[in-house]
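Source file: structure-v2.pdb. Holds: PDB, C-alpha atoms.
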```
MODEL        1
ATOM      1  CA  MET A   1      41.544  36.776 -25.383
ATOM      2  CA  GLN A   2      40.342  35.273 -22.126
ATOM      3  CA  VAL A   3      42.526  34.159 -19.198
ATOM      4  CA  GLY A   4      42.243  30.483 -20.208
ATOM      5  CA  ASP A   5      43.334  31.363 -23.729
ATOM      6  CA  ALA A   6      46.391  33.221 -22.452
ATOM      7  CA  GLN A   7      47.352  30.300 -20.247
ATOM      8  CA  MET A   8      47.052  27.887 -23.198
ATOM      9  CA  VAL A   9      49.237  30.175 -25.322
ATOM     10  CA  ASN A  10      51.837  30.316 -22.541
ATOM     11  CA  GLU A  11      51.803  26.519 -22.191
ATOM     12  CA  GLU A  12      52.208  26.064 -25.938
ATOM     13  CA  TYR A  13      55.035  28.600 -25.985
ATOM     14  CA  ALA A  14      56.757  26.794 -23.105
ATOM     15  CA  LYS A  15      56.452  23.479 -24.969
ATOM     16  CA  LYS A  16      57.945  24.960 -28.125
ATOM     17  CA  LEU A  17      60.740  26.629 -26.185
ATOM     18  CA  VAL A  18      61.689  23.428 -24.365
ATOM     19  CA  VAL A  19      61.516  21.337 -27.545
ATOM     20  CA  GLU A  20      63.825  23.775 -29.337
ATOM     21  CA  ARG A  21      66.280  23.697 -26.419
ATOM     22  CA  LEU A  22      66.213  19.897 -26.374
ATOM     23  CA  LYS A  23      66.912  19.782 -30.120
ATOM     24  CA  THR A  24      70.274  21.484 -29.479
ATOM     25  CA  ILE A  25      71.431  18.469 -27.444
ATOM     26  CA  PRO A  26      73.036  15.524 -29.284
ATOM     27  CA  PRO A  27      70.526  12.682 -29.832
ATOM     28  CA  ASN A  28      72.724  10.113 -28.072
ATOM     29  CA  VAL A  29      72.526  11.956 -24.734
ATOM     30  CA  SER A  30      70.189  10.429 -22.171
ATOM     31  CA  PHE A  31      68.476  12.043 -19.206
ATOM     32  CA  SER A  32      67.364  10.631 -15.887
ATOM     33  CA  ILE A  33      64.015  12.121 -14.894
ATOM     34  CA  GLY A  34      63.489  11.336 -11.224
ATOM     35  CA  SER A  35      61.549   8.151 -10.598
ATOM     36  CA  TYR A  36      60.360   8.072 -14.228
ATOM     37  CA  GLY A  37      63.620   6.573 -15.500
ATOM     38  CA  ASP A  38      65.995   7.364 -18.347
ATOM     39  CA  PHE A  39      64.999   9.011 -21.620
ATOM     40  CA  THR A  40      66.768   9.889 -24.842
ATOM     41  CA  ARG A  41      66.556  13.400 -26.200
ATOM     42  CA  ASP A  42      63.956  12.355 -28.757
ATOM     43  CA  GLU A  43      61.888  10.501 -26.161
ATOM     44  CA  LEU A  44      61.858  13.630 -23.999
ATOM     45  CA  ILE A  45      60.771  15.755 -26.951
ATOM     46  CA  SER A  46      57.908  13.328 -27.529
ATOM     47  CA  GLU A  47      56.930  13.429 -23.849
ATOM     48  CA  VAL A  48      56.891  17.233 -23.884
ATOM     49  CA  LEU A  49      54.789  17.401 -27.037
ATOM     50  CA  GLN A  50      52.311  14.837 -25.679
ATOM     51  CA  GLY A  51      51.974  16.708 -22.371
ATOM     52  CA  THR A  52      52.720  13.658 -20.218
ATOM     53  CA  GLU A  53      53.847  13.899 -16.601
ATOM     54  CA  VAL A  54      57.443  13.450 -17.743
ATOM     55  CA  GLY A  55      56.936  16.202 -20.305
ATOM     56  CA  LYS A  56      55.481  18.540 -17.688
ATOM     57  CA  GLU A  57      58.387  17.822 -15.318
ATOM     58  CA  THR A  58      60.820  18.542 -18.148
ATOM     59  CA  ILE A  59      59.140  21.841 -18.966
ATOM     60  CA  GLU A  60      59.133  22.865 -15.309
ATOM     61  CA  SER A  61      62.829  22.029 -14.922
ATOM     62  CA  GLU A  62      63.797  23.895 -18.078
ATOM     63  CA  LEU A  63      61.803  26.977 -17.099
ATOM     64  CA  LYS A  64      63.419  27.028 -13.651
ATOM     65  CA  LEU A  65      66.834  26.781 -15.306
ATOM     66  CA  LEU A  66      66.042  29.666 -17.653
ATOM     67  CA  GLN A  67      64.692  31.809 -14.812
ATOM     68  CA  GLY A  68      67.906  31.243 -12.856
ATOM     69  CA  MET A  69      70.201  32.129 -15.777
ATOM     70  CA  PRO A  70      70.520  35.865 -15.006
ATOM     71  CA  LYS A  71      71.665  35.064 -11.460
ATOM     72  CA  LEU A  72      74.167  32.530 -12.742
ATOM     73  CA  ILE A  73      75.548  34.939 -15.328
ATOM     74  CA  SER A  74      75.922  37.750 -12.785
ATOM     75  CA  LYS A  75      77.847  35.393 -10.463
ATOM     76  CA  LEU A  76      80.171  34.423 -13.300
ATOM     77  CA  ARG A  77      80.936  38.099 -13.924
ATOM     78  CA  GLU A  78      81.939  38.758 -10.298
TER      79      GLU A  78
ENDMDL
END
```
Structure translated into structure tokens:
Amino acid sequence: MQVGDAQMVNEEYAKKLVVERLKTIPPNVSFSIGSYGDFTRDELISEVLQGTEVGKETIESELKLLQGMPKLISKLRE
């Protein structure tokens, strides 16, 4: 596997991870994504799967949230 292949696998994994997390949210919940506007859960899933700018922003936000989880959990245990 070459470096480009590994990056593609990581991007696909991130997409799948974010889509699965979004699926846990009720479909009637809407999200405001910066200057892009408001999106339903299903619209965001579509944006992520299509790899649009909104989808990329969503993936980035979700990954930052997940990376910060251990810190948040440790603060809750204090």
inquiry  = Neighbouring residues of stretch 60-65 of chain A were defined as those with any atom within 8 Å, considering only C-alpha atoms; residues of the same chain fewer than 3 positions away were excluded. Please report them as a ChimeraX atom specification.
reply    = /A:14,18,56-57,68-69
task = Report the distance between atom CA of A:Glu12 and atom CA of A:Val54 in Å, rounded to one decimal place.
result = 15.9 Å
inquiry  = Residues near A:Phe31, anyone? I mean within 9 Å using only C-alpha atoms, not counting same-chain ones fewer than 3 positions away, as a ChimeraX atom specification.
reply    = /A:37-41,44
task = I need the residue set behind the PyMOL selection byres ((chain A and resi 49) around 12) for this file; please write it as JSON, numbers by chain.
result = {"A": [11, 12, 13, 14, 15, 16, 17, 18, 19, 20, 22, 42, 43, 44, 45, 46, 47, 48, 50, 51, 52, 53, 54, 55, 56, 58, 59]}
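Take atom CA of A:Asn10 and atom CA of A:Thr24: the distance between them is 21.6 Å.
If you look at atom CA of A:Gly34 and atom CA of A:Gln67, they are 20.8 Å away from each other.
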